[in-house]
Structure formats: structure tokens, C-alpha cells
Amino acid sequence: MENRAFPSQLASPPPPTPADPGRPSERAVLDRPVAVAPPRALRARRRRPAVLALSVALIAAGGLGGAALYSATGERVAVLALARDVPAGQQLTAADLTVARIAGDPALHPLDGADLDRAVGMRATNDLKRGSLLTKADVIDKLIVRPGQQIVGVAAKRTQLPATALKPGRQVIVVSTPDSTQGGDTAPRSQTFTATVVTVGGADTDGTVVVDMAVDEADGPRLAETVAGGKFQVILASTSQRSGG
């Protein structure tokens with residue numbers, strides 16, 4: 001009887017592959033702990049305290065900034081204000097003034113409330129309106145009209161006045177400008193008058209402004225005659241003339 005050899009149906013396992021020294025074994029890979037990301041809800045809980053702390057810090061910083069801004073702009077100071085209307089040139093009385101408290105503003109320069117006694121007796125350099133703040137430019141402490149002087153009302157057009165606004169206490173020179181077409185000995189000569197501005201009225205519809213000027217008694221009638229003729233010019237006195245030099 002012939003013996004035949006049949007291959008075994010069960011294949012023998014392949015020989016083990018030599019391990020790569022630079023590569024971890026399969027067992028090591030399986031035994032290594034795997035990092036698992038925490039659930040989304042847990043991450044949100046971890047971030048929430050930090051977000052809350054940041055929000056609290058921002059709110060606190062905003063509150064401190066608002067407090068600093070309020071203390072800088074909301075500080076009240078005592079200043080002088082007008083309790084009633086005062087015309088230009090009139091002396092101020094205690095009844096004309098009041099002490100008001102306003103928020104400090106670098107753009108405003110009113111007189112301090114502590115200067116009330118010093119402001120009484122000063123003269124208004126222009127028409128002062130009730131409720132307005134009193135500034136240094138609104139008053140003058142010099143006696144504008146001296147003994148032996150007269151006040152002459154000078155009605156002048158814009159072209160007869162300097163561009164610089166006239167204020168009470170300002171010294172000016174009124175120069176007569178006679179008609180130059182008249183020749184010979186009969187031609188009127190130009191005259192000059194040194195005067196001090198007392199009051200500046202408001203402009204009329206045609207632009208005419210009446211300025212009260214103080215002049216010496218000897219010049220009063222002649223200045224009035226010159227002004228009545230309408231031919232004159234008002235110029236500002238020089239520094240030496242204003243100082244009496």
C-alpha cells in the first residue's frame with residue numbers, strides 16, 4: 001500500500017520578526033497611558049472663574065476711572081457772577097454781585113468768590129448781564145473820569161474807529177479831519193484831543209457807535225463841535241501817551 005504525504009492544513013505561524021530597536025514594541029504601545037481630553041462641560045467650568053475674575057477687574061477699573069473723571073470735572077468752585085444788569089462805566093455794588101458755584105473748567109476765568117469785597121467799587125468796562133460770570137476784563141479799578149474833566153458823547157461810524165474794540169479806561173486821540181479842498185488862510189486846521197474812553201454803547205442799525213469820552217474842560221466844547229461836523233478819526237494812544245509820557 002502506497003503511503004502519500006499530505007501537507008498539514010494548519011499552517012505554522014510565521015517566525016517572529018526581529019524587533020526594531022528604534023520602535024516601541026506592540027506591548028509597550030498597548031501599556032502606555034492615553035491622554036483623554038476632559039469633557040467640554042468640565043473645560044467650561046475651569047475657564048469660568050478666570051473669565052469672572054477678568055470681568056470683575058475690568059468693572060473695578062472702569063469704576064475707578066469714572067470716579068477720577070468725576071472728581072476732575074465735577075469739582076465745584078466759588079466764583080463771582082452778576083445778580084443784576086450793570087451798564088458800562090457804573091460802579092459795582094454788593095447788590096450787583098453774587099457768589100456762584102460751578103464746575104471747574106480751564107476754559108473759564110471768572111473772578112474768585114473770595115474777591116467779592118475787592119470787586120465792589122470797581123467800574124464795569126462793558127454792559128454786564130445778569131447771570132453772567134464776572135471776569136477780570138469786565139472791571140477796572142481806576143478812576144476813569146478825573147476831577148476837572150468833561151464827558152463828551154462821540155458818535156462814530158465803524159470806519160472812524162480802530163478795529164481794536166474800545167474798552168473803558170483806554171486812552172484814545174480824536175483827530176479832526178477837515179475838508180482839504182478848502183485852500184488859503186480860511187481852511188480849517190486839524191485838531192487833536194486826548195481822551196479816555198468811559199462807556200462804549202451798542203451799535204445802531206447803521207453801525208454808528210456812541211462812545212463817551214472824558215476830556216479836559218477846555219477841550220470839551222471844541223471836541224463836541226468837531227464831532228458834530230462828522231469829520232474826525234479816533235486812534236489809539238501810544239504806550240508812552242497812555243502812561244503819561
# chains A, B, ... in the order shown; residues from 1 in each chain; ligands from 1
>>> residues_around(residues="region 130-138 of chain A", least_positions_apart="6", cutoff="12 Å", atoms="only C-alpha atoms", output="compact mmCIF listing (two decimals) with N, CA, C and O atoms, in the first residue's frame")
# COMPACT_ATOMS: atom_id res chain seq x y z
N ALA A 78 -16.10 128.33 43.88
CA ALA A 78 -16.89 129.55 44.11
C ALA A 78 -16.35 130.67 43.24
O ALA A 78 -15.15 130.97 43.25
N VAL A 79 -17.24 131.30 42.44
CA VAL A 79 -16.86 132.38 41.53
C VAL A 79 -17.87 133.51 41.67
O VAL A 79 -18.96 133.35 42.25
N LEU A 80 -17.52 134.66 41.11
CA LEU A 80 -18.40 135.82 41.13
C LEU A 80 -19.27 135.85 39.88
O LEU A 80 -18.81 135.58 38.77
N ALA A 81 -20.54 136.18 40.06
CA ALA A 81 -21.49 136.30 38.97
C ALA A 81 -22.32 137.56 39.18
O ALA A 81 -22.33 138.15 40.28
N LEU A 82 -23.03 137.97 38.15
CA LEU A 82 -23.85 139.17 38.21
C LEU A 82 -25.24 138.82 38.72
O LEU A 82 -25.90 137.92 38.19
N ALA A 83 -25.67 139.55 39.76
CA ALA A 83 -27.01 139.36 40.30
C ALA A 83 -28.04 140.20 39.55
O ALA A 83 -29.24 139.91 39.61
N ARG A 84 -27.58 141.22 38.82
CA ARG A 84 -28.48 142.05 38.02
C ARG A 84 -27.65 142.76 36.96
O ARG A 84 -26.41 142.75 36.99
N ASP A 85 -28.33 143.37 35.99
CA ASP A 85 -27.65 144.06 34.90
C ASP A 85 -26.91 145.28 35.44
O ASP A 85 -27.41 146.01 36.30
N VAL A 86 -25.71 145.49 34.87
CA VAL A 86 -24.90 146.66 35.24
C VAL A 86 -24.43 147.32 33.95
O VAL A 86 -23.74 146.68 33.14
N PRO A 87 -24.78 148.58 33.70
CA PRO A 87 -24.33 149.25 32.48
C PRO A 87 -22.84 149.56 32.53
O PRO A 87 -22.24 149.65 33.62
N ALA A 88 -22.26 149.72 31.38
CA ALA A 88 -20.83 150.03 31.30
C ALA A 88 -20.52 151.35 31.98
O ALA A 88 -21.27 152.33 31.87
N GLY A 89 -19.41 151.38 32.72
CA GLY A 89 -18.97 152.58 33.41
C GLY A 89 -19.51 152.73 34.82
O GLY A 89 -19.01 153.57 35.59
N GLN A 90 -20.51 151.95 35.19
CA GLN A 90 -21.10 152.08 36.52
C GLN A 90 -20.29 151.30 37.54
O GLN A 90 -19.74 150.23 37.25
N GLN A 91 -20.23 151.84 38.77
CA GLN A 91 -19.51 151.17 39.84
C GLN A 91 -20.34 149.98 40.35
O GLN A 91 -21.57 150.06 40.46
N LEU A 92 -19.66 148.91 40.65
CA LEU A 92 -20.32 147.72 41.16
C LEU A 92 -20.58 147.86 42.66
O LEU A 92 -19.75 148.37 43.41
N ALA A 95 -24.84 144.55 45.99
CA ALA A 95 -26.11 144.03 45.49
C ALA A 95 -26.02 143.59 44.04
O ALA A 95 -26.87 142.82 43.56
N ASP A 96 -25.01 144.08 43.31
CA ASP A 96 -24.85 143.71 41.90
C ASP A 96 -24.22 142.33 41.73
O ASP A 96 -24.31 141.75 40.64
N LEU A 97 -23.59 141.82 42.76
CA LEU A 97 -22.80 140.60 42.64
C LEU A 97 -23.37 139.49 43.52
O LEU A 97 -24.05 139.74 44.50
N THR A 98 -23.05 138.28 43.13
CA THR A 98 -23.41 137.11 43.91
C THR A 98 -22.31 136.07 43.73
O THR A 98 -21.53 136.12 42.76
N VAL A 99 -22.25 135.14 44.67
CA VAL A 99 -21.27 134.05 44.60
C VAL A 99 -21.97 132.80 44.07
O VAL A 99 -22.99 132.37 44.62
N ALA A 100 -21.44 132.26 42.99
CA ALA A 100 -22.00 131.05 42.38
C ALA A 100 -20.97 129.94 42.45
O ALA A 100 -19.75 130.19 42.50
N ARG A 101 -21.45 128.71 42.45
CA ARG A 101 -20.58 127.54 42.48
C ARG A 101 -20.76 126.79 41.17
O ARG A 101 -21.87 126.39 40.81
N ILE A 102 -19.66 126.65 40.43
CA ILE A 102 -19.70 126.00 39.13
C ILE A 102 -18.62 124.92 39.08
O ILE A 102 -17.70 124.89 39.91
N LEU A 108 -12.68 128.67 31.45
CA LEU A 108 -13.32 129.81 32.09
C LEU A 108 -12.35 130.47 33.06
O LEU A 108 -11.59 129.79 33.75
N HIS A 109 -12.41 131.81 33.12
CA HIS A 109 -11.52 132.55 34.01
C HIS A 109 -12.30 133.60 34.80
O HIS A 109 -11.99 134.80 34.73
N PRO A 110 -13.32 133.19 35.54
CA PRO A 110 -14.06 134.17 36.35
C PRO A 110 -13.28 134.54 37.59
O PRO A 110 -12.35 133.85 38.01
N LEU A 111 -13.69 135.68 38.18
CA LEU A 111 -13.07 136.10 39.43
C LEU A 111 -13.49 135.16 40.56
O LEU A 111 -14.62 134.68 40.59
N ASP A 112 -12.56 134.91 41.46
CA ASP A 112 -12.83 134.01 42.57
C ASP A 112 -13.88 134.61 43.51
O ASP A 112 -13.98 135.83 43.66
N GLY A 113 -14.66 133.73 44.13
CA GLY A 113 -15.68 134.20 45.06
C GLY A 113 -15.11 134.96 46.24
O GLY A 113 -15.79 135.82 46.83
N ASP A 115 -13.00 137.23 46.06
CA ASP A 115 -12.69 138.59 45.64
C ASP A 115 -13.91 139.50 45.65
O ASP A 115 -13.89 140.58 45.05
N LEU A 116 -14.97 139.10 46.35
CA LEU A 116 -16.20 139.89 46.34
C LEU A 116 -15.96 141.29 46.89
O LEU A 116 -16.36 142.29 46.26
N ARG A 118 -13.26 142.99 47.09
CA ARG A 118 -12.36 143.76 46.22
C ARG A 118 -13.06 144.21 44.95
O ARG A 118 -12.73 145.27 44.39
N ALA A 119 -14.03 143.44 44.46
CA ALA A 119 -14.72 143.79 43.23
C ALA A 119 -15.73 144.93 43.44
O ALA A 119 -16.02 145.69 42.50
N VAL A 120 -16.24 145.05 44.66
CA VAL A 120 -17.17 146.13 44.95
C VAL A 120 -16.45 147.47 44.83
O VAL A 120 -15.38 147.67 45.41
N MET A 122 -15.43 148.68 41.86
CA MET A 122 -14.85 148.73 40.52
C MET A 122 -15.92 149.14 39.51
O MET A 122 -17.12 149.05 39.78
N ARG A 123 -15.47 149.57 38.35
CA ARG A 123 -16.38 150.01 37.30
C ARG A 123 -16.45 148.97 36.19
O ARG A 123 -15.46 148.32 35.85
N ALA A 124 -17.63 148.82 35.64
CA ALA A 124 -17.84 147.86 34.55
C ALA A 124 -17.24 148.41 33.26
O ALA A 124 -17.47 149.57 32.90
N LYS A 167 -12.41 149.86 25.09
CA LYS A 167 -12.83 149.47 26.43
C LYS A 167 -12.73 150.68 27.35
O LYS A 167 -11.86 151.55 27.16
N PRO A 168 -13.59 150.76 28.36
CA PRO A 168 -13.46 151.84 29.34
C PRO A 168 -12.07 151.86 29.96
O PRO A 168 -11.50 150.83 30.29
N GLY A 169 -11.53 153.06 30.09
CA GLY A 169 -10.20 153.23 30.63
C GLY A 169 -9.13 153.33 29.55
O GLY A 169 -7.99 153.70 29.85
>>> residues_around(residues="region 146-151 of chain A", least_positions_apart="6", cutoff="12 Å", atoms="only C-alpha atoms", output="PyMOL selection string")
chain A and resi 89+169+194-199+211-224
>>> write_last_selection(atoms="N, CA, C and O atoms", output="mmCIF file, in the first residue's frame")
data_model
loop_
_atom_site.group_PDB
_atom_site.id
_atom_site.type_symbol
_atom_site.label_atom_id
_atom_site.label_comp_id
_atom_site.auth_asym_id
_atom_site.auth_seq_id
_atom_site.Cartn_x
_atom_site.Cartn_y
_atom_site.Cartn_z
ATOM 1 N N GLY A 89 -19.405 151.383 32.724
ATOM 2 C CA GLY A 89 -18.971 152.582 33.413
ATOM 3 C C GLY A 89 -19.510 152.729 34.817
ATOM 4 O O GLY A 89 -19.009 153.568 35.587
ATOM 5 N N GLY A 169 -11.535 153.065 30.094
ATOM 6 C CA GLY A 169 -10.196 153.230 30.625
ATOM 7 C C GLY A 169 -9.135 153.333 29.552
ATOM 8 O O GLY A 169 -7.991 153.696 29.855
ATOM 9 N N THR A 194 -6.897 164.502 23.292
ATOM 10 C CA THR A 194 -6.592 163.305 24.067
ATOM 11 C C THR A 194 -7.758 163.024 24.996
ATOM 12 O O THR A 194 -8.175 163.903 25.766
ATOM 13 N N ALA A 195 -8.283 161.815 24.935
ATOM 14 C CA ALA A 195 -9.476 161.463 25.709
ATOM 15 C C ALA A 195 -9.327 160.067 26.293
ATOM 16 O O ALA A 195 -8.472 159.272 25.865
ATOM 17 N N THR A 196 -10.172 159.799 27.275
ATOM 18 C CA THR A 196 -10.229 158.480 27.908
ATOM 19 C C THR A 196 -11.617 157.910 27.706
ATOM 20 O O THR A 196 -12.612 158.595 27.979
ATOM 21 N N VAL A 197 -11.676 156.674 27.237
ATOM 22 C CA VAL A 197 -12.964 156.025 26.990
ATOM 23 C C VAL A 197 -13.641 155.747 28.331
ATOM 24 O O VAL A 197 -13.036 155.154 29.233
ATOM 25 N N VAL A 198 -14.902 156.184 28.446
ATOM 26 C CA VAL A 198 -15.675 155.956 29.661
ATOM 27 C C VAL A 198 -16.691 154.850 29.453
ATOM 28 O O VAL A 198 -16.789 153.908 30.247
ATOM 29 N N THR A 199 -17.463 154.948 28.392
ATOM 30 C CA THR A 199 -18.512 153.974 28.104
ATOM 31 C C THR A 199 -18.577 153.747 26.599
ATOM 32 O O THR A 199 -18.439 154.703 25.828
ATOM 33 N N VAL A 211 -19.592 156.626 21.841
ATOM 34 C CA VAL A 211 -18.547 156.385 22.833
ATOM 35 C C VAL A 211 -18.451 157.622 23.721
ATOM 36 O O VAL A 211 -18.196 158.729 23.218
ATOM 37 N N ASP A 212 -18.689 157.445 25.021
ATOM 38 C CA ASP A 212 -18.497 158.544 25.971
ATOM 39 C C ASP A 212 -17.019 158.663 26.276
ATOM 40 O O ASP A 212 -16.370 157.681 26.682
ATOM 41 N N MET A 213 -16.491 159.899 26.095
ATOM 42 C CA MET A 213 -15.069 160.139 26.315
ATOM 43 C C MET A 213 -14.892 161.264 27.306
ATOM 44 O O MET A 213 -15.598 162.280 27.271
ATOM 45 N N ALA A 214 -13.918 161.086 28.206
ATOM 46 C CA ALA A 214 -13.586 162.107 29.190
ATOM 47 C C ALA A 214 -12.410 162.929 28.678
ATOM 48 O O ALA A 214 -11.364 162.380 28.327
ATOM 49 N N VAL A 215 -12.597 164.255 28.648
ATOM 50 C CA VAL A 215 -11.549 165.174 28.204
ATOM 51 C C VAL A 215 -11.467 166.323 29.200
ATOM 52 O O VAL A 215 -12.356 166.525 30.035
ATOM 53 N N ASP A 216 -10.409 167.069 29.100
ATOM 54 C CA ASP A 216 -10.273 168.248 29.948
ATOM 55 C C ASP A 216 -11.381 169.244 29.641
ATOM 56 O O ASP A 216 -11.909 169.295 28.519
ATOM 57 N N GLU A 217 -11.708 170.069 30.637
ATOM 58 C CA GLU A 217 -12.803 171.016 30.472
ATOM 59 C C GLU A 217 -12.566 171.960 29.297
ATOM 60 O O GLU A 217 -13.507 172.335 28.588
ATOM 61 N N ALA A 218 -11.328 172.306 29.047
ATOM 62 C CA ALA A 218 -11.029 173.237 27.953
ATOM 63 C C ALA A 218 -11.250 172.605 26.587
ATOM 64 O O ALA A 218 -11.512 173.306 25.599
ATOM 65 N N ASP A 219 -11.166 171.264 26.526
ATOM 66 C CA ASP A 219 -11.319 170.586 25.242
ATOM 67 C C ASP A 219 -12.741 170.107 24.993
ATOM 68 O O ASP A 219 -13.069 169.714 23.868
ATOM 69 N N GLY A 220 -13.592 170.099 26.042
ATOM 70 C CA GLY A 220 -14.931 169.570 25.884
ATOM 71 C C GLY A 220 -15.740 170.229 24.790
ATOM 72 O O GLY A 220 -16.231 169.551 23.867
ATOM 73 N N PRO A 221 -15.912 171.560 24.811
ATOM 74 C CA PRO A 221 -16.711 172.223 23.771
ATOM 75 C C PRO A 221 -16.122 172.051 22.368
ATOM 76 O O PRO A 221 -16.857 171.849 21.395
ATOM 77 N N ARG A 222 -14.816 172.135 22.247
ATOM 78 C CA ARG A 222 -14.200 172.008 20.922
ATOM 79 C C ARG A 222 -14.352 170.595 20.374
ATOM 80 O O ARG A 222 -14.570 170.401 19.180
ATOM 81 N N LEU A 223 -14.243 169.569 21.249
ATOM 82 C CA LEU A 223 -14.441 168.195 20.792
ATOM 83 C C LEU A 223 -15.889 167.976 20.352
ATOM 84 O O LEU A 223 -16.138 167.333 19.317
ATOM 85 N N ALA A 224 -16.828 168.534 21.096
ATOM 86 C CA ALA A 224 -18.233 168.390 20.719
ATOM 87 C C ALA A 224 -18.497 169.046 19.355
ATOM 88 O O ALA A 224 -19.255 168.514 18.537
#
>>> atom_distance(atom1="CA of Val175 (chain A)", atom2="CA of Ala237 (chain A)")
11.4 Å
>>> residues_around(residues="Arg189 (chain A)", least_positions_apart="4", cutoff="9 Å", atoms="only C-alpha atoms", output="mmCIF file with N, CA, C and O atoms, in the first residue's frame")
data_model
loop_
_atom_site.group_PDB
_atom_site.id
_atom_site.type_symbol
_atom_site.label_atom_id
_atom_site.label_comp_id
_atom_site.auth_asym_id
_atom_site.auth_seq_id
_atom_site.Cartn_x
_atom_site.Cartn_y
_atom_site.Cartn_z
ATOM 1 N N SER A 176 -9.419 165.695 14.244
ATOM 2 C CA SER A 176 -10.356 166.272 13.283
ATOM 3 C C SER A 176 -9.767 166.180 11.882
ATOM 4 O O SER A 176 -8.548 166.312 11.694
ATOM 5 N N THR A 177 -10.609 165.901 10.910
ATOM 6 C CA THR A 177 -10.170 165.758 9.513
ATOM 7 C C THR A 177 -10.973 166.730 8.655
ATOM 8 O O THR A 177 -11.926 166.346 7.970
ATOM 9 N N PRO A 178 -10.603 168.014 8.653
ATOM 10 C CA PRO A 178 -11.361 168.997 7.870
ATOM 11 C C PRO A 178 -11.213 168.767 6.378
ATOM 12 O O PRO A 178 -10.331 168.037 5.922
#
>>> atom_distance(atom1="CA of Ile235 (chain A)", atom2="CA of Leu143 (chain A)")
21.6 Å
>>> atom_distance(atom1="CA of Asp179 (chain A)", atom2="CA of Val200 (chain A)")
27.7 Å
>>> select_by_dssp(residues="region 65-184 of chain A", states="strand (DSSP E)", output="ChimeraX atom specification")
/A:76-82,97-103,123-124,139-140,149-156,171-176
